[in-house]
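Below is one structure, written out as structure tokens; comments come after it.
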Amino acid sequence: IQVVSSESMLLQNSPKVRLIICVLTLLLNPGDKVATVECIDLMLRLGKIGGDLHREASGFLRKEPGQDEEDAGRGFFEFLATKGYEVSRKAHLSIPLFDLCESLIRILGLGGKTDPFIQFFLDVVLEQEKESQSGIRKFLEFWSRKRSSLSIVVPEGLDAVKVMTVHKAKGLEFPIVIYPFVKDLLKKTLDSAWIDLDNPKIPTLKTALVTANKAIQESSYGALVTRELEKSQLDLVNLLYVTFTRPTDELYVIANHPQNLRGAAGSVPELLMN
């Protein structure tokens with residue numbers, strides 16, 4: 001059974017795409033130590049090089065006397081060459097962005113079996129290059145702004161289980177809905193509140209910030225806490241309403257039986273039991 005979620009489809013979650021971004025970063029700024037370490041880590045994870053992250057990266061984190069950051073960074077591309085990956089910084093900086101990315105994919109062996117993340121990433125690169133004649137710098141700035149929303153487009157009608165939050169399911173419907181791990185607790189809509197004071201012992205203190213706890217609930221300001229609890233219960237009911245109205249045919253709710261049923265429901269299982 002295929003399983004898809006909006007998070008799993010994000011391009012930034014692909015190690016191959018992240019490796020390309022890291023190499024682009026180093027082509028632009030060879031002295032970027034964070035990008036250097038991430039590149040080595042990703043290549044180790046992808047099986048492109050062998051060894052230990054600490055051992056492989058430690059040499060790039062040290063700077064020899066009289067050596068500037070850019071000189072230190074060039075050593076990374078020399079390191080790649082010793083591993084059989086010839087990435088010429090000068091040559092790659094002189095070609096269009098799309099051709100550059102295709103070249104990196106070929107040199108680093110990221111093509112091979114068709115990878116939808118790579119294909120969609122190249123589509124994004126091509127689109128940006130056409131729209132703004134984007135070079136490496138502009139593209140990396142674009143990527144920094146948009147990476148949390150760039151994702152593979154899942155075809156409509158795909159026969160797969162879709163994993164999503166209740167809030168993201170608003171407005172959608174499915175033949176079958178499974179609501180697992182049901183243990184949502186009643187959450188306070190307000191942890192503290194400002195109250196008007198009328199205390200003759202401290203006449204200059206007109207207002208105070210108090211914690212919405214049991215002590216306040218049992219005081220003359222108890223109505224304030226009660227209102228907040230009612231708002232929290234309403235939020236919980238709204239969450240269940242969204243969940244229970246998504247399926248057209250079947251709904252499965254998986255929850256533990258509450259051990260202690262209190263007067264007011266403090267969690268989804270207790271609310272269901274009440």
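Following the order of the structure tokens, first chain is A, next is B, and so on, with residues numbered from 1 inside each chain and ligands from 1 in the order they appear.
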
Pick out the residues sitting within 9 Å of range 139-143 of chain A, and hand them over as a PDB file with all heavy atoms, in the first residue's frame; count only C-alpha atoms, and ignore anything fewer than 3 positions along from it in its own chain.
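For reference, part.pdb as written:
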```pdb
ATOM      1  N   ILE A  21      21.844  21.218  -3.644  1.00  0.00           N
ATOM      2  CA  ILE A  21      21.778  22.560  -3.058  1.00  0.00           C
ATOM      3  C   ILE A  21      23.073  22.876  -2.317  1.00  0.00           C
ATOM      4  O   ILE A  21      23.612  23.993  -2.410  1.00  0.00           O
ATOM      5  CB  ILE A  21      20.572  22.684  -2.108  1.00  0.00           C
ATOM      6  CG1 ILE A  21      19.257  22.596  -2.889  1.00  0.00           C
ATOM      7  CG2 ILE A  21      20.634  23.984  -1.314  1.00  0.00           C
ATOM      8  CD1 ILE A  21      19.029  23.743  -3.847  1.00  0.00           C
ATOM      9  N   LEU A  24      25.831  23.590  -4.833  1.00  0.00           N
ATOM     10  CA  LEU A  24      25.599  24.922  -5.396  1.00  0.00           C
ATOM     11  C   LEU A  24      26.075  26.004  -4.417  1.00  0.00           C
ATOM     12  O   LEU A  24      26.692  26.995  -4.817  1.00  0.00           O
ATOM     13  CB  LEU A  24      24.118  25.125  -5.714  1.00  0.00           C
ATOM     14  CG  LEU A  24      23.534  24.332  -6.881  1.00  0.00           C
ATOM     15  CD1 LEU A  24      22.033  24.579  -6.997  1.00  0.00           C
ATOM     16  CD2 LEU A  24      24.225  24.693  -8.191  1.00  0.00           C
ATOM     17  N   THR A  25      25.777  25.791  -3.147  1.00  0.00           N
ATOM     18  CA  THR A  25      26.195  26.743  -2.110  1.00  0.00           C
ATOM     19  C   THR A  25      27.712  26.860  -2.065  1.00  0.00           C
ATOM     20  O   THR A  25      28.270  27.953  -1.961  1.00  0.00           O
ATOM     21  CB  THR A  25      25.657  26.310  -0.731  1.00  0.00           C
ATOM     22  OG1 THR A  25      24.228  26.222  -0.779  1.00  0.00           O
ATOM     23  CG2 THR A  25      26.060  27.301   0.354  1.00  0.00           C
ATOM     24  N   LEU A  97      22.340  27.794 -15.150  1.00  0.00           N
ATOM     25  CA  LEU A  97      21.973  27.075 -13.928  1.00  0.00           C
ATOM     26  C   LEU A  97      21.418  25.675 -14.207  1.00  0.00           C
ATOM     27  O   LEU A  97      21.796  24.705 -13.540  1.00  0.00           O
ATOM     28  CB  LEU A  97      20.943  27.897 -13.138  1.00  0.00           C
ATOM     29  CG  LEU A  97      20.453  27.284 -11.827  1.00  0.00           C
ATOM     30  CD1 LEU A  97      21.599  27.140 -10.842  1.00  0.00           C
ATOM     31  CD2 LEU A  97      19.345  28.134 -11.223  1.00  0.00           C
ATOM     32  N   VAL A 125      14.041  24.390 -11.227  1.00  0.00           N
ATOM     33  CA  VAL A 125      15.225  25.122 -11.702  1.00  0.00           C
ATOM     34  C   VAL A 125      14.945  25.737 -13.066  1.00  0.00           C
ATOM     35  O   VAL A 125      15.233  26.925 -13.306  1.00  0.00           O
ATOM     36  CB  VAL A 125      16.450  24.185 -11.788  1.00  0.00           C
ATOM     37  CG1 VAL A 125      17.620  24.898 -12.473  1.00  0.00           C
ATOM     38  CG2 VAL A 125      16.864  23.722 -10.403  1.00  0.00           C
ATOM     39  N   GLN A 128      12.513  28.695 -12.833  1.00  0.00           N
ATOM     40  CA  GLN A 128      13.152  29.888 -12.286  1.00  0.00           C
ATOM     41  C   GLN A 128      14.112  30.526 -13.280  1.00  0.00           C
ATOM     42  O   GLN A 128      14.211  31.741 -13.384  1.00  0.00           O
ATOM     43  CB  GLN A 128      13.902  29.526 -10.995  1.00  0.00           C
ATOM     44  CG  GLN A 128      13.004  29.362  -9.788  1.00  0.00           C
ATOM     45  CD  GLN A 128      12.192  30.606  -9.506  1.00  0.00           C
ATOM     46  OE1 GLN A 128      12.733  31.680  -9.285  1.00  0.00           O
ATOM     47  NE2 GLN A 128      10.881  30.458  -9.540  1.00  0.00           N
ATOM     48  N   GLU A 129      14.811  29.676 -14.016  1.00  0.00           N
ATOM     49  CA  GLU A 129      15.767  30.192 -14.999  1.00  0.00           C
ATOM     50  C   GLU A 129      15.036  30.943 -16.112  1.00  0.00           C
ATOM     51  O   GLU A 129      15.497  31.989 -16.584  1.00  0.00           O
ATOM     52  CB  GLU A 129      16.590  29.042 -15.586  1.00  0.00           C
ATOM     53  CG  GLU A 129      17.808  29.508 -16.367  1.00  0.00           C
ATOM     54  CD  GLU A 129      18.716  28.348 -16.735  1.00  0.00           C
ATOM     55  OE1 GLU A 129      18.196  27.327 -17.247  1.00  0.00           O
ATOM     56  OE2 GLU A 129      19.928  28.445 -16.505  1.00  0.00           O
ATOM     57  N   SER A 134      17.633  33.205 -13.635  1.00  0.00           N
ATOM     58  CA  SER A 134      18.245  33.009 -12.320  1.00  0.00           C
ATOM     59  C   SER A 134      19.624  32.360 -12.397  1.00  0.00           C
ATOM     60  O   SER A 134      19.826  31.365 -13.093  1.00  0.00           O
ATOM     61  CB  SER A 134      17.313  32.132 -11.458  1.00  0.00           C
ATOM     62  OG  SER A 134      17.864  31.892 -10.203  1.00  0.00           O
ATOM     63  N   GLY A 135      20.575  32.967 -11.671  1.00  0.00           N
ATOM     64  CA  GLY A 135      21.876  32.357 -11.485  1.00  0.00           C
ATOM     65  C   GLY A 135      21.878  31.626 -10.150  1.00  0.00           C
ATOM     66  O   GLY A 135      20.839  31.504  -9.499  1.00  0.00           O
ATOM     67  N   ILE A 136      23.048  31.147  -9.729  1.00  0.00           N
ATOM     68  CA  ILE A 136      23.122  30.374  -8.490  1.00  0.00           C
ATOM     69  C   ILE A 136      22.639  31.202  -7.301  1.00  0.00           C
ATOM     70  O   ILE A 136      21.829  30.740  -6.494  1.00  0.00           O
ATOM     71  CB  ILE A 136      24.560  29.879  -8.224  1.00  0.00           C
ATOM     72  CG1 ILE A 136      25.008  28.920  -9.320  1.00  0.00           C
ATOM     73  CG2 ILE A 136      24.639  29.170  -6.874  1.00  0.00           C
ATOM     74  CD1 ILE A 136      26.427  28.414  -9.145  1.00  0.00           C
ATOM     75  N   LYS A 146      11.325  29.429  -0.451  1.00  0.00           N
ATOM     76  CA  LYS A 146      10.230  28.565  -0.897  1.00  0.00           C
ATOM     77  C   LYS A 146      10.396  27.076  -0.597  1.00  0.00           C
ATOM     78  O   LYS A 146       9.491  26.290  -0.888  1.00  0.00           O
ATOM     79  CB  LYS A 146      10.055  28.729  -2.421  1.00  0.00           C
ATOM     80  CG  LYS A 146       9.697  30.138  -2.862  1.00  0.00           C
ATOM     81  CD  LYS A 146       8.296  30.513  -2.408  1.00  0.00           C
ATOM     82  CE  LYS A 146       7.873  31.860  -2.973  1.00  0.00           C
ATOM     83  NZ  LYS A 146       6.513  32.232  -2.555  1.00  0.00           N
ATOM     84  N   ARG A 147      11.525  26.672  -0.023  1.00  0.00           N
ATOM     85  CA  ARG A 147      11.794  25.232   0.097  1.00  0.00           C
ATOM     86  C   ARG A 147      10.756  24.487   0.934  1.00  0.00           C
ATOM     87  O   ARG A 147      10.538  23.294   0.738  1.00  0.00           O
ATOM     88  CB  ARG A 147      13.183  25.010   0.691  1.00  0.00           C
ATOM     89  CG  ARG A 147      13.361  25.579   2.088  1.00  0.00           C
ATOM     90  CD  ARG A 147      14.782  25.430   2.561  1.00  0.00           C
ATOM     91  NE  ARG A 147      14.997  26.042   3.861  1.00  0.00           N
ATOM     92  CZ  ARG A 147      16.169  26.130   4.462  1.00  0.00           C
ATOM     93  NH1 ARG A 147      17.234  25.632   3.862  1.00  0.00           N
ATOM     94  NH2 ARG A 147      16.282  26.699   5.633  1.00  0.00           N
ATOM     95  N   SER A 148      10.111  25.188   1.878  1.00  0.00           N
ATOM     96  CA  SER A 148       9.127  24.514   2.727  1.00  0.00           C
ATOM     97  C   SER A 148       7.799  24.274   2.011  1.00  0.00           C
ATOM     98  O   SER A 148       6.905  23.624   2.567  1.00  0.00           O
ATOM     99  CB  SER A 148       8.875  25.329   3.998  1.00  0.00           C
ATOM    100  OG  SER A 148       8.384  26.619   3.680  1.00  0.00           O
ATOM    101  N   LEU A 150       7.847  23.747  -1.740  1.00  0.00           N
ATOM    102  CA  LEU A 150       8.101  23.089  -3.022  1.00  0.00           C
ATOM    103  C   LEU A 150       8.010  21.574  -2.844  1.00  0.00           C
ATOM    104  O   LEU A 150       8.748  20.988  -2.058  1.00  0.00           O
ATOM    105  CB  LEU A 150       9.485  23.475  -3.549  1.00  0.00           C
ATOM    106  CG  LEU A 150       9.681  24.954  -3.894  1.00  0.00           C
ATOM    107  CD1 LEU A 150      11.155  25.234  -4.187  1.00  0.00           C
ATOM    108  CD2 LEU A 150       8.811  25.345  -5.076  1.00  0.00           C
TER     109      LEU A 150
END
```

Inset, instruction - Any chance you could list, as a list in words, the residues in range 39-219 of chain A that come up strand (DSSP E) when DSSP is run on the backbone? - result: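 Filtering range 39-219 of chain A to strand (DSSP E) leaves Val161, Lys162, Val163, Phe174, Pro175, Ile176, Val177, Ile178, Tyr179, Ser192, Ala193, Trp194, Ile195, Asp196, Thr207, Ala208, Leu209, Val210 and Thr211 of chain A.
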
Let me see the file: selected residues, N, CA and C atoms, as a short mmCIF file (atom, residue, chain, number, x, y, z; two decimals), in the first residue's frame.
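Contents of out_37.cif, freshly written:
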```
data_model
loop_
_atom_site.label_atom_id
_atom_site.label_comp_id
_atom_site.auth_asym_id
_atom_site.auth_seq_id
_atom_site.Cartn_x
_atom_site.Cartn_y
_atom_site.Cartn_z
N VAL A 161 -2.73 5.67 0.61
CA VAL A 161 -3.17 6.23 1.89
C VAL A 161 -2.56 7.61 2.06
N LYS A 162 -3.37 8.61 2.31
CA LYS A 162 -2.88 9.97 2.50
C LYS A 162 -2.82 10.27 4.00
N VAL A 163 -1.63 10.67 4.46
CA VAL A 163 -1.44 11.01 5.87
C VAL A 163 -1.45 12.52 5.99
N PHE A 174 -13.08 11.82 2.04
CA PHE A 174 -12.46 10.57 1.61
C PHE A 174 -13.43 9.44 1.86
N PRO A 175 -13.34 8.37 1.07
CA PRO A 175 -14.24 7.22 1.31
C PRO A 175 -14.05 6.63 2.70
N ILE A 176 -12.78 6.50 3.11
CA ILE A 176 -12.46 5.89 4.41
C ILE A 176 -11.50 6.78 5.17
N VAL A 177 -11.77 7.01 6.44
CA VAL A 177 -10.88 7.80 7.30
C VAL A 177 -10.52 6.98 8.52
N ILE A 178 -9.22 6.95 8.83
CA ILE A 178 -8.72 6.29 10.04
C ILE A 178 -8.15 7.39 10.94
N TYR A 179 -8.68 7.50 12.14
CA TYR A 179 -8.22 8.51 13.11
C TYR A 179 -7.47 7.75 14.22
N SER A 192 -2.83 32.47 31.11
CA SER A 192 -2.90 33.56 32.08
C SER A 192 -3.82 34.64 31.53
N ALA A 193 -4.26 35.53 32.41
CA ALA A 193 -5.19 36.57 31.98
C ALA A 193 -5.05 37.81 32.85
N TRP A 194 -5.37 38.94 32.28
CA TRP A 194 -5.40 40.18 33.03
C TRP A 194 -6.76 40.32 33.70
N ILE A 195 -6.76 40.68 34.98
CA ILE A 195 -8.02 40.88 35.70
C ILE A 195 -8.03 42.27 36.34
N ASP A 196 -9.22 42.81 36.49
CA ASP A 196 -9.38 44.10 37.17
C ASP A 196 -9.46 43.86 38.67
N THR A 207 -4.85 46.50 38.03
CA THR A 207 -4.95 45.27 37.24
C THR A 207 -3.81 44.33 37.60
N ALA A 208 -3.99 43.05 37.31
CA ALA A 208 -2.95 42.06 37.60
C ALA A 208 -3.01 40.93 36.58
N LEU A 209 -1.85 40.34 36.30
CA LEU A 209 -1.76 39.17 35.42
C LEU A 209 -1.74 37.92 36.29
N VAL A 210 -2.74 37.07 36.13
CA VAL A 210 -2.84 35.87 36.98
C VAL A 210 -2.82 34.62 36.12
N THR A 211 -2.38 33.52 36.72
CA THR A 211 -2.38 32.22 36.04
C THR A 211 -3.76 31.60 36.15
#
```

Inset, instruction - Apply DSSP to the structure's backbone, then extract all residues of range 15-112 of chain A labelled helix (DSSP H, G or I) and return them as a PyMOL selection string. - result: chain A and resi 15-28+33-45+53-61+69-82+89-92+97-107

Legend entry - Pick from A:Leu11, A:Val166, A:Leu80, A:Val17 nearest to Leu236 in chain A, counting only C-alpha atoms: A:Val166

Legend entry - Gap from CA of Ala57 in chain A to CA of Lys83 in chain A - Å, one decimal: 14.1 Å

Legend entry - Residue nearest Gln119 in chain A - candidates A:Ile107, A:Val87, A:Val153, A:Ala215, atoms counted: only C-alpha atoms: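 Using only C-alpha atoms, the shortest distance to Gln119 in chain A belongs to A:Val153.
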
At a cut-off of 7 Å, using only C-alpha atoms, what residues contact Lys206 in chain A? Leave out same-chain residues fewer than 3 positions from it and give the result as a PDB file with all heavy atoms, in the first residue's frame.
```pdb
ATOM      1  N   ASP A 196      -9.219  42.807  36.493  1.00  0.00           N
ATOM      2  CA  ASP A 196      -9.384  44.097  37.171  1.00  0.00           C
ATOM      3  C   ASP A 196      -9.457  43.858  38.669  1.00  0.00           C
ATOM      4  O   ASP A 196     -10.247  43.020  39.143  1.00  0.00           O
ATOM      5  CB  ASP A 196     -10.656  44.792  36.680  1.00  0.00           C
ATOM      6  CG  ASP A 196     -10.572  45.167  35.217  1.00  0.00           C
ATOM      7  OD1 ASP A 196      -9.473  45.562  34.782  1.00  0.00           O
ATOM      8  OD2 ASP A 196     -11.597  45.049  34.511  1.00  0.00           O
ATOM      9  N   LEU A 197      -8.655  44.574  39.411  1.00  0.00           N
ATOM     10  CA  LEU A 197      -8.598  44.406  40.861  1.00  0.00           C
ATOM     11  C   LEU A 197      -9.345  45.544  41.562  1.00  0.00           C
ATOM     12  O   LEU A 197      -9.366  46.677  41.099  1.00  0.00           O
ATOM     13  CB  LEU A 197      -7.148  44.397  41.348  1.00  0.00           C
ATOM     14  CG  LEU A 197      -6.318  43.159  40.993  1.00  0.00           C
ATOM     15  CD1 LEU A 197      -4.900  43.346  41.498  1.00  0.00           C
ATOM     16  CD2 LEU A 197      -6.929  41.901  41.591  1.00  0.00           C
ATOM     17  N   ASP A 198      -9.935  45.198  42.687  1.00  0.00           N
ATOM     18  CA  ASP A 198     -10.580  46.194  43.543  1.00  0.00           C
ATOM     19  C   ASP A 198     -10.282  45.809  44.988  1.00  0.00           C
ATOM     20  O   ASP A 198     -11.157  45.386  45.738  1.00  0.00           O
ATOM     21  CB  ASP A 198     -12.086  46.233  43.269  1.00  0.00           C
ATOM     22  CG  ASP A 198     -12.783  47.336  44.064  1.00  0.00           C
ATOM     23  OD1 ASP A 198     -12.070  48.233  44.554  1.00  0.00           O
ATOM     24  OD2 ASP A 198     -14.027  47.276  44.200  1.00  0.00           O
ATOM     25  N   PRO A 203      -4.567  49.668  46.828  1.00  0.00           N
ATOM     26  CA  PRO A 203      -5.418  50.518  45.974  1.00  0.00           C
ATOM     27  C   PRO A 203      -4.739  50.992  44.697  1.00  0.00           C
ATOM     28  O   PRO A 203      -5.415  51.306  43.713  1.00  0.00           O
ATOM     29  CB  PRO A 203      -5.752  51.700  46.890  1.00  0.00           C
ATOM     30  CG  PRO A 203      -4.625  51.733  47.877  1.00  0.00           C
ATOM     31  CD  PRO A 203      -4.259  50.297  48.117  1.00  0.00           C
TER      32      PRO A 203
END
```
